[in-house]
>>> print(open('structure.pdb').read())   # PDB, C-alpha atoms, pLDDT in the B column
ATOM      1  CA  MET A  17     101.390  96.859  95.932  1.00 84.00           C
ATOM      2  CA  LYS A  18      98.704  98.748  94.013  1.00 96.00           C
ATOM      3  CA  LEU A  19      99.506  97.834  90.421  1.00 98.00           C
ATOM      4  CA  SER A  20     101.320  95.070  88.549  1.00 98.00           C
ATOM      5  CA  ILE A  21     102.373  95.809  84.966  1.00 98.00           C
ATOM      6  CA  ILE A  22     102.797  92.602  82.967  1.00 98.00           C
ATOM      7  CA  ILE A  23     104.812  92.630  79.729  1.00 98.00           C
ATOM      8  CA  PRO A  24     105.128  89.454  77.646  1.00 97.00           C
ATOM      9  CA  SER A  25     108.383  89.758  75.722  1.00 95.00           C
ATOM     10  CA  VAL A  26     110.193  88.170  72.799  1.00 92.00           C
ATOM     11  CA  ASN A  27     113.327  90.317  73.128  1.00 84.00           C
ATOM     12  CA  ASP A  28     111.811  93.213  71.248  1.00 92.00           C
ATOM     13  CA  PRO A  29     114.386  95.979  70.566  1.00 94.00           C
ATOM     14  CA  TYR A  30     111.913  98.529  71.967  1.00 96.00           C
ATOM     15  CA  LEU A  31     111.372  96.797  75.303  1.00 97.00           C
ATOM     16  CA  GLN A  32     113.827  99.096  77.081  1.00 97.00           C
ATOM     17  CA  ASN A  33     112.126 102.156  75.597  1.00 97.00           C
ATOM     18  CA  THR A  34     108.832 100.861  76.958  1.00 98.00           C
ATOM     19  CA  LEU A  35     110.293 100.197  80.411  1.00 98.00           C
ATOM     20  CA  ASP A  36     111.873 103.647  80.515  1.00 98.00           C
ATOM     21  CA  ASP A  37     108.605 105.227  79.423  1.00 98.00           C
ATOM     22  CA  ILE A  38     106.644 103.455  82.141  1.00 98.00           C
ATOM     23  CA  LYS A  39     109.166 104.435  84.802  1.00 98.00           C
ATOM     24  CA  GLN A  40     109.040 108.039  83.660  1.00 98.00           C
ATOM     25  CA  HIS A  41     105.255 108.358  83.533  1.00 98.00           C
ATOM     26  CA  ALA A  42     103.730 105.891  86.041  1.00 98.00           C
ATOM     27  CA  LYS A  43     102.899 107.517  89.379  1.00 97.00           C
ATOM     28  CA  SER A  44     101.270 104.755  91.458  1.00 97.00           C
ATOM     29  CA  ASP A  45     102.827 102.090  93.666  1.00 97.00           C
ATOM     30  CA  TYR A  46     103.693  99.597  90.932  1.00 98.00           C
ATOM     31  CA  GLU A  47     105.856  96.686  89.877  1.00 98.00           C
ATOM     32  CA  ILE A  48     106.880  95.641  86.364  1.00 98.00           C
ATOM     33  CA  ILE A  49     107.108  91.968  85.449  1.00 98.00           C
ATOM     34  CA  VAL A  50     108.598  91.039  82.075  1.00 98.00           C
ATOM     35  CA  VAL A  51     108.090  87.421  80.991  1.00 97.00           C
ATOM     36  CA  ASN A  52     109.998  85.917  78.072  1.00 93.00           C
ATOM     37  CA  GLY A  53     107.358  84.300  75.878  1.00 90.00           C
ATOM     38  CA  ARG A  54     109.600  82.985  73.140  1.00 82.00           C
ATOM     39  CA  LYS A  55     109.314  79.375  74.325  1.00 87.00           C
ATOM     40  CA  ILE A  56     105.960  79.360  76.091  1.00 93.00           C
ATOM     41  CA  GLY A  57     103.920  81.782  73.966  1.00 94.00           C
ATOM     42  CA  MET A  58     102.077  85.013  74.677  1.00 96.00           C
ATOM     43  CA  ARG A  59      99.057  83.766  76.603  1.00 97.00           C
ATOM     44  CA  SER A  60     101.142  81.527  78.827  1.00 97.00           C
ATOM     45  CA  ALA A  61     103.612  84.377  79.422  1.00 97.00           C
ATOM     46  CA  ILE A  62     100.812  86.704  80.531  1.00 98.00           C
ATOM     47  CA  ASN A  63      99.347  84.038  82.820  1.00 98.00           C
ATOM     48  CA  LYS A  64     102.780  83.365  84.305  1.00 98.00           C
ATOM     49  CA  GLY A  65     103.428  87.065  84.867  1.00 98.00           C
ATOM     50  CA  VAL A  66     100.112  87.591  86.647  1.00 98.00           C
ATOM     51  CA  ALA A  67     100.698  84.497  88.806  1.00 98.00           C
ATOM     52  CA  GLN A  68     103.997  85.988  90.000  1.00 98.00           C
ATOM     53  CA  SER A  69     102.591  89.474  90.571  1.00 98.00           C
ATOM     54  CA  LYS A  70     101.350  91.081  93.785  1.00 98.00           C
ATOM     55  CA  GLY A  71      99.271  94.074  92.693  1.00 98.00           C
ATOM     56  CA  GLU A  72      95.630  94.689  93.505  1.00 98.00           C
ATOM     57  CA  TYR A  73      95.223  95.731  89.857  1.00 98.00           C
ATOM     58  CA  ILE A  74      96.832  94.397  86.694  1.00 98.00           C
ATOM     59  CA  ILE A  75      97.893  96.135  83.508  1.00 98.00           C
ATOM     60  CA  LYS A  76      99.002  94.052  80.578  1.00 98.00           C
ATOM     61  CA  THR A  77     100.898  95.933  77.900  1.00 98.00           C
ATOM     62  CA  ASP A  78     102.966  95.123  74.852  1.00 97.00           C
ATOM     63  CA  GLU A  79     106.705  95.698  74.799  1.00 96.00           C
ATOM     64  CA  HIS A  80     106.594  98.578  72.299  1.00 97.00           C
ATOM     65  CA  CYS A  81     104.325 101.214  73.856  1.00 98.00           C
ATOM     66  CA  MET A  82     104.508 104.845  75.003  1.00 98.00           C
ATOM     67  CA  PHE A  83     102.401 106.225  77.861  1.00 98.00           C
ATOM     68  CA  ASP A  84     100.723 109.395  79.083  1.00 98.00           C
ATOM     69  CA  GLU A  85     101.893 111.171  82.219  1.00 98.00           C
ATOM     70  CA  GLY A  86     100.217 109.480  85.173  1.00 98.00           C
ATOM     71  CA  PHE A  87      98.374 107.030  82.929  1.00 98.00           C
ATOM     72  CA  ASP A  88      98.120 104.502  85.745  1.00 98.00           C
ATOM     73  CA  ILE A  89      96.609 106.930  88.255  1.00 98.00           C
ATOM     74  CA  LYS A  90      94.077 108.128  85.685  1.00 98.00           C
ATOM     75  CA  LEU A  91      93.038 104.601  84.788  1.00 98.00           C
ATOM     76  CA  LEU A  92      92.802 103.494  88.412  1.00 97.00           C
ATOM     77  CA  SER A  93      90.703 106.514  89.373  1.00 95.00           C
ATOM     78  CA  LYS A  94      87.739 105.285  87.319  1.00 89.00           C
ATOM     79  CA  ILE A  95      87.441 101.518  87.547  1.00 96.00           C
ATOM     80  CA  LYS A  96      85.127  98.937  89.091  1.00 97.00           C
ATOM     81  CA  ASP A  97      85.980  95.393  90.075  1.00 97.00           C
ATOM     82  CA  ASN A  98      84.192  93.805  87.107  1.00 98.00           C
ATOM     83  CA  TRP A  99      85.461  96.236  84.462  1.00 98.00           C
ATOM     84  CA  ILE A 100      88.250  96.077  81.941  1.00 98.00           C
ATOM     85  CA  VAL A 101      89.482  99.600  81.201  1.00 98.00           C
ATOM     86  CA  VAL A 102      91.574 100.718  78.237  1.00 98.00           C
ATOM     87  CA  PRO A 103      93.127 104.119  77.489  1.00 98.00           C
ATOM     88  CA  ARG A 104      92.569 105.828  74.168  1.00 98.00           C
ATOM     89  CA  ARG A 105      95.098 104.517  71.656  1.00 98.00           C
ATOM     90  CA  TYR A 106      97.523 106.242  69.311  1.00 98.00           C
ATOM     91  CA  ASN A 107      99.931 104.796  66.765  1.00 97.00           C
ATOM     92  CA  LEU A 108     103.612 104.929  67.701  1.00 97.00           C
ATOM     93  CA  ASP A 109     106.609 105.443  65.439  1.00 97.00           C
ATOM     94  CA  VAL A 110     108.955 103.185  67.381  1.00 95.00           C
ATOM     95  CA  GLU A 111     112.048 104.259  65.456  1.00 95.00           C
ATOM     96  CA  LYS A 112     111.613 107.938  66.372  1.00 96.00           C
ATOM     97  CA  TRP A 113     109.624 107.185  69.549  1.00 97.00           C
ATOM     98  CA  VAL A 114     106.972 109.737  68.647  1.00 97.00           C
ATOM     99  CA  ILE A 115     103.228 109.484  68.048  1.00 97.00           C
ATOM    100  CA  PHE A 116     101.948 109.574  64.489  1.00 96.00           C
ATOM    101  CA  ASP A 117      99.906 112.674  63.671  1.00 96.00           C
ATOM    102  CA  GLU A 118      96.611 110.777  63.508  1.00 95.00           C
ATOM    103  CA  PRO A 119      93.407 110.832  65.580  1.00 96.00           C
ATOM    104  CA  PRO A 120      93.303 108.364  68.477  1.00 97.00           C
ATOM    105  CA  VAL A 121      91.244 105.188  68.560  1.00 98.00           C
ATOM    106  CA  ASP A 122      88.587 105.322  71.285  1.00 98.00           C
ATOM    107  CA  TYR A 123      86.099 102.624  70.293  1.00 98.00           C
ATOM    108  CA  ASP A 124      86.208  99.216  68.642  1.00 98.00           C
ATOM    109  CA  ARG A 125      83.118  97.311  67.528  1.00 98.00           C
ATOM    110  CA  LEU A 126      82.793  93.572  67.201  1.00 98.00           C
ATOM    111  CA  VAL A 127      82.447  92.188  63.671  1.00 98.00           C
ATOM    112  CA  ILE A 128      80.958  88.691  63.565  1.00 97.00           C
ATOM    113  CA  ASP A 129      80.079  88.179  59.880  1.00 96.00           C
ATOM    114  CA  LYS A 130      83.546  87.645  58.400  1.00 94.00           C
ATOM    115  CA  LEU A 131      84.376  84.151  57.198  1.00 93.00           C
ATOM    116  CA  GLU A 132      87.841  83.984  58.736  1.00 93.00           C
ATOM    117  CA  LYS A 133      87.229  85.257  62.288  1.00 96.00           C
ATOM    118  CA  ILE A 134      85.330  87.475  64.685  1.00 98.00           C
ATOM    119  CA  GLY A 135      87.196  90.524  65.893  1.00 97.00           C
ATOM    120  CA  GLY A 136      87.299  94.214  66.594  1.00 97.00           C
ATOM    121  CA  VAL A 137      87.502  97.066  64.092  1.00 97.00           C
ATOM    122  CA  ARG A 138      87.833 100.773  64.674  1.00 97.00           C
ATOM    123  CA  TRP A 139      84.451 102.401  65.307  1.00 98.00           C
ATOM    124  CA  ARG A 140      84.719 105.954  63.967  1.00 97.00           C
ATOM    125  CA  GLN A 141      80.994 106.728  64.063  1.00 98.00           C
ATOM    126  CA  GLN A 142      80.787 105.845  67.744  1.00 98.00           C
ATOM    127  CA  ALA A 143      83.782 108.078  68.442  1.00 98.00           C
ATOM    128  CA  LYS A 144      82.103 110.976  66.648  1.00 97.00           C
ATOM    129  CA  GLU A 145      78.720 110.588  68.311  1.00 98.00           C
ATOM    130  CA  ARG A 146      80.103 110.067  71.833  1.00 98.00           C
ATOM    131  CA  LYS A 147      83.135 112.327  71.748  1.00 97.00           C
ATOM    132  CA  ASN A 148      82.090 114.248  74.871  1.00 97.00           C
ATOM    133  CA  LEU A 149      81.914 111.145  77.078  1.00 98.00           C
ATOM    134  CA  LEU A 150      85.279 110.701  78.778  1.00 98.00           C
ATOM    135  CA  ILE A 151      84.510 107.335  80.388  1.00 98.00           C
ATOM    136  CA  ASP A 152      82.380 105.166  78.137  1.00 98.00           C
ATOM    137  CA  GLU A 153      81.497 101.619  77.124  1.00 98.00           C
ATOM    138  CA  THR A 154      83.264  99.966  74.207  1.00 98.00           C
ATOM    139  CA  MET A 155      82.495  96.526  72.765  1.00 98.00           C
ATOM    140  CA  VAL A 156      86.016  95.196  72.358  1.00 98.00           C
ATOM    141  CA  PHE A 157      89.584  96.507  72.395  1.00 98.00           C
ATOM    142  CA  GLN A 158      93.073  95.898  71.108  1.00 96.00           C
ATOM    143  CA  GLY A 159      95.041  93.621  73.412  1.00 96.00           C
ATOM    144  CA  SER A 160      98.115  95.856  73.551  1.00 97.00           C
ATOM    145  CA  CYS A 161      97.113  97.593  76.806  1.00 98.00           C
ATOM    146  CA  TYR A 162      94.328  96.962  79.318  1.00 98.00           C
ATOM    147  CA  LEU A 163      93.681  97.243  83.053  1.00 98.00           C
ATOM    148  CA  MET A 164      91.536  95.155  85.377  1.00 98.00           C
ATOM    149  CA  SER A 165      91.329  94.236  89.038  1.00 98.00           C
ATOM    150  CA  ARG A 166      92.976  91.043  90.206  1.00 98.00           C
ATOM    151  CA  LYS A 167      89.530  90.020  91.398  1.00 98.00           C
ATOM    152  CA  HIS A 168      88.249  90.213  87.821  1.00 98.00           C
ATOM    153  CA  TRP A 169      91.290  88.400  86.414  1.00 98.00           C
ATOM    154  CA  ASP A 170      90.732  85.563  88.876  1.00 98.00           C
ATOM    155  CA  TRP A 171      87.046  85.444  87.987  1.00 98.00           C
ATOM    156  CA  LEU A 172      87.927  85.257  84.280  1.00 97.00           C
ATOM    157  CA  GLY A 173      90.339  82.434  85.014  1.00 97.00           C
ATOM    158  CA  GLY A 174      93.203  84.018  83.125  1.00 97.00           C
ATOM    159  CA  LEU A 175      93.790  83.430  79.430  1.00 98.00           C
ATOM    160  CA  ARG A 176      92.940  80.005  78.038  1.00 97.00           C
ATOM    161  CA  THR A 177      95.361  78.250  75.725  1.00 97.00           C
ATOM    162  CA  GLU A 178      93.078  75.317  74.951  1.00 97.00           C
ATOM    163  CA  GLY A 179      91.540  75.963  71.546  1.00 98.00           C
ATOM    164  CA  TYR A 180      92.856  79.507  71.245  1.00 98.00           C
ATOM    165  CA  GLY A 181      96.511  78.513  71.155  1.00 97.00           C
ATOM    166  CA  GLU A 182      99.053  81.066  72.356  1.00 96.00           C
ATOM    167  CA  PHE A 183      98.498  84.097  70.155  1.00 96.00           C
ATOM    168  CA  ALA A 184      94.951  84.403  68.814  1.00 97.00           C
ATOM    169  CA  GLN A 185      91.942  86.364  70.108  1.00 98.00           C
ATOM    170  CA  GLU A 186      93.313  87.586  73.456  1.00 98.00           C
ATOM    171  CA  ALA A 187      91.166  90.714  73.604  1.00 98.00           C
ATOM    172  CA  VAL A 188      88.079  89.008  72.153  1.00 98.00           C
ATOM    173  CA  GLU A 189      88.154  86.363  74.872  1.00 98.00           C
ATOM    174  CA  LEU A 190      88.587  88.898  77.658  1.00 98.00           C
ATOM    175  CA  ALA A 191      86.017  91.359  76.314  1.00 98.00           C
ATOM    176  CA  LEU A 192      83.303  88.802  75.622  1.00 98.00           C
ATOM    177  CA  LYS A 193      83.744  87.000  78.934  1.00 98.00           C
ATOM    178  CA  THR A 194      83.518  90.363  80.668  1.00 98.00           C
ATOM    179  CA  TRP A 195      80.424  91.589  78.826  1.00 98.00           C
ATOM    180  CA  LEU A 196      78.551  88.295  78.719  1.00 98.00           C
ATOM    181  CA  GLY A 197      79.462  87.566  82.338  1.00 98.00           C
ATOM    182  CA  GLY A 198      77.931  90.771  83.673  1.00 98.00           C
ATOM    183  CA  GLY A 199      80.877  93.176  83.599  1.00 98.00           C
ATOM    184  CA  LYS A 200      81.814  96.037  81.299  1.00 98.00           C
ATOM    185  CA  VAL A 201      84.622  97.022  78.958  1.00 98.00           C
ATOM    186  CA  MET A 202      85.304 100.744  79.242  1.00 98.00           C
ATOM    187  CA  VAL A 203      87.468 103.297  77.466  1.00 98.00           C
ATOM    188  CA  ASN A 204      89.005 106.058  79.596  1.00 98.00           C
ATOM    189  CA  LYS A 205      89.670 109.025  77.308  1.00 98.00           C
ATOM    190  CA  THR A 206      91.319 111.084  80.044  1.00 98.00           C
ATOM    191  CA  THR A 207      94.549 109.237  79.316  1.00 98.00           C
ATOM    192  CA  TRP A 208      96.275 107.480  76.440  1.00 98.00           C
ATOM    193  CA  TYR A 209      98.970 105.141  75.249  1.00 98.00           C
ATOM    194  CA  ALA A 210     100.603 104.648  71.869  1.00 98.00           C
ATOM    195  CA  HIS A 211     101.226 101.233  70.336  1.00 98.00           C
ATOM    196  CA  LYS A 212     103.695 100.288  67.623  1.00 96.00           C
ATOM    197  CA  HIS A 213     102.262 101.063  64.198  1.00 91.00           C
ATOM    198  CA  ARG A 214     101.527  97.989  62.120  1.00 81.00           C
ATOM    199  CA  LYS A 215     103.884  99.187  59.395  1.00 83.00           C
ATOM    200  CA  PHE A 216     106.781  98.026  61.595  1.00 84.00           C
ATOM    201  CA  LYS A 217     107.468  94.315  61.278  1.00 76.00           C
ATOM    202  CA  ARG A 218     106.923  91.718  63.984  1.00 76.00           C
ATOM    203  CA  ILE A 219     109.931  90.370  65.868  1.00 73.00           C
ATOM    204  CA  VAL A 220     108.469  86.861  65.974  1.00 75.00           C
ATOM    205  CA  ASN A 221     105.734  85.530  63.717  1.00 79.00           C
ATOM    206  CA  PRO A 222     102.963  84.044  65.876  1.00 87.00           C
ATOM    207  CA  TYR A 223     101.805  80.518  65.206  1.00 90.00           C
ATOM    208  CA  GLY A 224      98.382  78.881  65.341  1.00 95.00           C
ATOM    209  CA  ILE A 225      96.507  82.087  64.495  1.00 96.00           C
ATOM    210  CA  ASN A 226      94.116  80.568  61.951  1.00 96.00           C
ATOM    211  CA  GLU A 227      93.254  77.671  64.219  1.00 97.00           C
ATOM    212  CA  GLY A 228      92.734  79.978  67.182  1.00 98.00           C
ATOM    213  CA  ASN A 229      90.539  82.305  65.142  1.00 98.00           C
ATOM    214  CA  LYS A 230      88.338  79.423  64.016  1.00 98.00           C
ATOM    215  CA  TYR A 231      88.032  78.070  67.533  1.00 98.00           C
ATOM    216  CA  SER A 232      87.045  81.476  68.907  1.00 98.00           C
ATOM    217  CA  GLN A 233      84.561  82.055  66.088  1.00 98.00           C
ATOM    218  CA  ASP A 234      82.779  78.781  66.797  1.00 98.00           C
ATOM    219  CA  TYR A 235      82.973  79.213  70.575  1.00 98.00           C
ATOM    220  CA  TRP A 236      81.389  82.643  70.751  1.00 98.00           C
ATOM    221  CA  LEU A 237      78.969  82.546  67.819  1.00 98.00           C
ATOM    222  CA  ASN A 238      77.477  79.369  69.271  1.00 98.00           C
ATOM    223  CA  ASN A 239      77.387  80.636  72.860  1.00 98.00           C
ATOM    224  CA  ARG A 240      79.504  77.799  74.227  1.00 98.00           C
ATOM    225  CA  TRP A 241      80.737  79.601  77.338  1.00 98.00           C
ATOM    226  CA  GLU A 242      78.847  78.019  80.219  1.00 97.00           C
ATOM    227  CA  ASN A 243      79.365  80.912  82.664  1.00 97.00           C
ATOM    228  CA  ARG A 244      77.593  83.485  80.503  1.00 98.00           C
ATOM    229  CA  ILE A 245      74.515  85.297  81.775  1.00 98.00           C
ATOM    230  CA  HIS A 246      73.935  86.838  78.330  1.00 98.00           C
ATOM    231  CA  ASP A 247      74.203  85.436  74.819  1.00 98.00           C
ATOM    232  CA  LEU A 248      76.223  87.161  72.106  1.00 98.00           C
ATOM    233  CA  ASP A 249      73.038  88.475  70.494  1.00 98.00           C
ATOM    234  CA  TRP A 250      72.385  90.486  73.660  1.00 98.00           C
ATOM    235  CA  LEU A 251      75.703  92.282  73.263  1.00 98.00           C
ATOM    236  CA  MET A 252      75.105  93.054  69.594  1.00 98.00           C
ATOM    237  CA  LYS A 253      71.687  94.526  70.407  1.00 98.00           C
ATOM    238  CA  ARG A 254      73.082  96.527  73.324  1.00 97.00           C
ATOM    239  CA  PHE A 255      75.347  98.364  70.908  1.00 98.00           C
ATOM    240  CA  GLY A 256      72.733  98.652  68.190  1.00 97.00           C
ATOM    241  CA  LEU A 257      74.318  96.145  65.810  1.00 95.00           C
TER
END
>>> encode(input="structure.pdb", output="C-alpha cells")
Amino acid sequence: MKLSIIIPSVNDPYLQNTLDDIKQHAKSDYEIIVVNGRKIGMRSAINKGVAQSKGEYIIKTDEHCMFDEGFDIKLLSKIKDNWIVVPRRYNLDVEKWVIFDEPPVDYDRLVIDKLEKIGGVRWRQQAKERKNLLIDETMVFQGSCYLMSRKHWDWLGGLRTEGYGEFAQEAVELALKTWLGGGKVMVNKTTWYAHKHRKFKRIVNPYGINEGNKYSQDYWLNNRWENRIHDLDWLMKRFGL
C-alpha cells in the first residue's frame, strides 16, 4: 500500500462528495480511512486513522475538499522522508462543488505577536516574489490537507492532545516540529486542492480552542519542545521575519 488517506469526520454532508472526488482523481495505490471524530475529537480521530492504516505515506484531509487530477502522484513525486508537503489551496463552494474564482494560496507565514495565539496567515508577498518556484519552502500551512511519510509521522509521534486539546493548532504543531526538528514544510504548486470556504458554517463547533491556542503559544514561544535542534527564532530569521 503506497498511500493512506485519513479523513476525520463528523458526518459532514459533503463527505461523500469528497470521497467521490478522491476516487475519481487519485491515481496511486491508496486506501481511504474515515474516522468518526464526534466522540473522540479531531486529533484523536487522525491518530486512530493513521494507527489503522497501512500506507508508506499518509495524507490527512478534511471531509469537504476537491482534488486535482492525479494529486497524489504529483505530491508523492517530490517528497523526502522528513518533509511535510501541501498542495496549493483554493476555496471551494461546497454547495455547487466548484472552485471560487480567486487566486490560490501557496504560502503561509507564522505570526507570533498576536495576543490570542500564534498561527499562519496568507503570505501574498512571498507568493508574488517566488511564483516561478514550483516546489518551495513554506513556514506553516492550513491543516485541511497535507502529506508526509509514515516514517516522519512516527518520528513526530502523531498529534498530541495533552495541552492542545482536540481541535487547536494541528498545523502549527506539525509544522514547527518539522522545521525545528530538522525537516522542511514544502508547497507543491504542480497540484492543488480546494477546501470549503469559511463562509459555510461548521457542522460541529470545536471545543477547547482558546485553551489549546494559549498552550501552543506558550509552548512554542518559550521553546519548550525538548527534541528541537533549532529555536523558534531560527525559523523566523530563516524566512526573514
>>> closest_residue(input="structure.pdb", among="A:Asp109, A:Asn27, A:Tyr209, A:Glu72", to="Ala42 in chain A", atoms="all atoms listed in the file")
A:Tyr209
>>> atom_distance(input="structure.pdb", atom1="CA of Arg138 in chain A", atom2="CA of Arg125 in chain A")
6.5 Å
>>> atom_distance(input="structure.pdb", atom1="CA of Leu19 in chain A", atom2="CA of Ala61 in chain A")
17.9 Å
>>> closest_residue(input="structure.pdb", among="A:Asn226, A:Thr154, A:Ser25, A:Gln185", to="Arg54 in chain A", atoms="all atoms listed in the file")
A:Ser25
>>> atom_distance(input="structure.pdb", atom1="CA of Asn148 in chain A", atom2="CA of Asp122 in chain A")
11.6 Å
>>> residues_near_point(input="structure.pdb", point="(105.0, 88.2, 82.5)", cutoff="12 Å", atoms="only C-alpha atoms", output="PDB file with C-alpha atoms, in the frame of the given file")
ATOM      1  CA  SER A  20     101.320  95.070  88.549  1.00 98.00           C
ATOM      2  CA  ILE A  21     102.373  95.809  84.966  1.00 98.00           C
ATOM      3  CA  ILE A  22     102.797  92.602  82.967  1.00 98.00           C
ATOM      4  CA  ILE A  23     104.812  92.630  79.729  1.00 98.00           C
ATOM      5  CA  PRO A  24     105.128  89.454  77.646  1.00 97.00           C
ATOM      6  CA  SER A  25     108.383  89.758  75.722  1.00 95.00           C
ATOM      7  CA  VAL A  26     110.193  88.170  72.799  1.00 92.00           C
ATOM      8  CA  GLU A  47     105.856  96.686  89.877  1.00 98.00           C
ATOM      9  CA  ILE A  48     106.880  95.641  86.364  1.00 98.00           C
ATOM     10  CA  ILE A  49     107.108  91.968  85.449  1.00 98.00           C
ATOM     11  CA  VAL A  50     108.598  91.039  82.075  1.00 98.00           C
ATOM     12  CA  VAL A  51     108.090  87.421  80.991  1.00 97.00           C
ATOM     13  CA  ASN A  52     109.998  85.917  78.072  1.00 93.00           C
ATOM     14  CA  GLY A  53     107.358  84.300  75.878  1.00 90.00           C
ATOM     15  CA  ARG A  54     109.600  82.985  73.140  1.00 82.00           C
ATOM     16  CA  ILE A  56     105.960  79.360  76.091  1.00 93.00           C
ATOM     17  CA  GLY A  57     103.920  81.782  73.966  1.00 94.00           C
ATOM     18  CA  MET A  58     102.077  85.013  74.677  1.00 96.00           C
ATOM     19  CA  ARG A  59      99.057  83.766  76.603  1.00 97.00           C
ATOM     20  CA  SER A  60     101.142  81.527  78.827  1.00 97.00           C
ATOM     21  CA  ALA A  61     103.612  84.377  79.422  1.00 97.00           C
ATOM     22  CA  ILE A  62     100.812  86.704  80.531  1.00 98.00           C
ATOM     23  CA  ASN A  63      99.347  84.038  82.820  1.00 98.00           C
ATOM     24  CA  LYS A  64     102.780  83.365  84.305  1.00 98.00           C
ATOM     25  CA  GLY A  65     103.428  87.065  84.867  1.00 98.00           C
ATOM     26  CA  VAL A  66     100.112  87.591  86.647  1.00 98.00           C
ATOM     27  CA  ALA A  67     100.698  84.497  88.806  1.00 98.00           C
ATOM     28  CA  GLN A  68     103.997  85.988  90.000  1.00 98.00           C
ATOM     29  CA  SER A  69     102.591  89.474  90.571  1.00 98.00           C
ATOM     30  CA  ILE A  74      96.832  94.397  86.694  1.00 98.00           C
ATOM     31  CA  ILE A  75      97.893  96.135  83.508  1.00 98.00           C
ATOM     32  CA  LYS A  76      99.002  94.052  80.578  1.00 98.00           C
ATOM     33  CA  THR A  77     100.898  95.933  77.900  1.00 98.00           C
ATOM     34  CA  ASP A  78     102.966  95.123  74.852  1.00 97.00           C
ATOM     35  CA  GLU A  79     106.705  95.698  74.799  1.00 96.00           C
TER      36      GLU A  79
END
>>> resolve_selection(input="structure.pdb", expression="the PyMOL selection byres ((chain A and resi 101) around 8)", output="MDAnalysis selection string")
chainID A and resid 91 95 99:100 102:103 162:164 201:204
>>> resolve_selection(input="structure.pdb", expression="the PyMOL selection byres ((chain A and resi 80-83) around 6)", output="PyMOL selection string")
chain A and resi 30-31+34+78-79+84+209-212
>>> write_last_selection(input="structure.pdb", atoms="C-alpha atoms", output="compact mmCIF listing (two decimals), keeping the file's coordinate frame")
# COMPACT_ATOMS: atom_id res chain seq x y z
CA TYR A 30 111.91 98.53 71.97
CA LEU A 31 111.37 96.80 75.30
CA THR A 34 108.83 100.86 76.96
CA ASP A 78 102.97 95.12 74.85
CA GLU A 79 106.70 95.70 74.80
CA ASP A 84 100.72 109.40 79.08
CA TYR A 209 98.97 105.14 75.25
CA ALA A 210 100.60 104.65 71.87
CA HIS A 211 101.23 101.23 70.34
CA LYS A 212 103.70 100.29 67.62
>>> closest_residue(input="structure.pdb", among="A:Phe157, A:Phe87, A:Tyr180, A:Tyr106", to="Asp124 in chain A", atoms="only C-alpha atoms")
A:Phe157
>>> resolve_selection(input="structure.pdb", expression="the PyMOL selection byres ((chain A and resi 119) around 10)", output="PyMOL selection string")
chain A and resi 104-107+116-118+120-122
>>> closest_residue(input="structure.pdb", among="A:Pro29, A:Gly135, A:Pro222, A:Gly71", to="Gly181 in chain A", atoms="all atoms listed in the file")
A:Pro222
>>> closest_residue(input="structure.pdb", among="A:Phe216, A:Arg176, A:Asp28, A:Arg146", to="Val110 in chain A", atoms="all atoms listed in the file")
A:Phe216
>>> closest_residue(input="structure.pdb", among="A:Lys215, A:Cys161, A:Thr194, A:Gly86", to="Gly174 in chain A", atoms="all atoms listed in the file")
A:Thr194
>>> build_atoms(input="structure.pdb", residues="range 215-226 of chain A", atoms="N, CA and C atoms", output="CSV table (one decimal), in the coordinates of the input")
chain,number,residue,atom,x,y,z
A,215,LYS,N,102.9,99.2,60.5
A,215,LYS,CA,103.9,99.2,59.4
A,215,LYS,C,105.3,98.6,59.8
A,216,PHE,N,105.5,98.6,61.1
A,216,PHE,CA,106.8,98.0,61.6
A,216,PHE,C,106.6,96.5,61.8
A,217,LYS,N,107.6,95.8,61.3
A,217,LYS,CA,107.5,94.3,61.3
A,217,LYS,C,107.5,93.7,62.7
A,218,ARG,N,106.9,92.5,62.8
A,218,ARG,CA,106.9,91.7,64.0
A,218,ARG,C,108.3,91.2,64.2
A,219,ILE,N,108.7,91.0,65.5
A,219,ILE,CA,109.9,90.4,65.9
A,219,ILE,C,109.8,88.9,65.7
A,220,VAL,N,108.7,88.3,66.1
A,220,VAL,CA,108.5,86.9,66.0
A,220,VAL,C,107.1,86.7,65.3
A,221,ASN,N,107.0,85.8,64.3
A,221,ASN,CA,105.7,85.5,63.7
A,221,ASN,C,104.9,84.6,64.6
A,222,PRO,N,103.7,84.9,65.0
A,222,PRO,CA,103.0,84.0,65.9
A,222,PRO,C,102.5,82.8,65.1
A,223,TYR,N,102.2,81.8,65.8
A,223,TYR,CA,101.8,80.5,65.2
A,223,TYR,C,100.4,80.2,65.7
A,224,GLY,N,99.7,79.4,64.9
A,224,GLY,CA,98.4,78.9,65.3
A,224,GLY,C,97.3,79.9,65.3
A,225,ILE,N,97.5,81.0,64.5
A,225,ILE,CA,96.5,82.1,64.5
A,225,ILE,C,95.2,81.6,63.8
A,226,ASN,N,95.3,81.0,62.7
A,226,ASN,CA,94.1,80.6,62.0
A,226,ASN,C,93.3,79.6,62.8
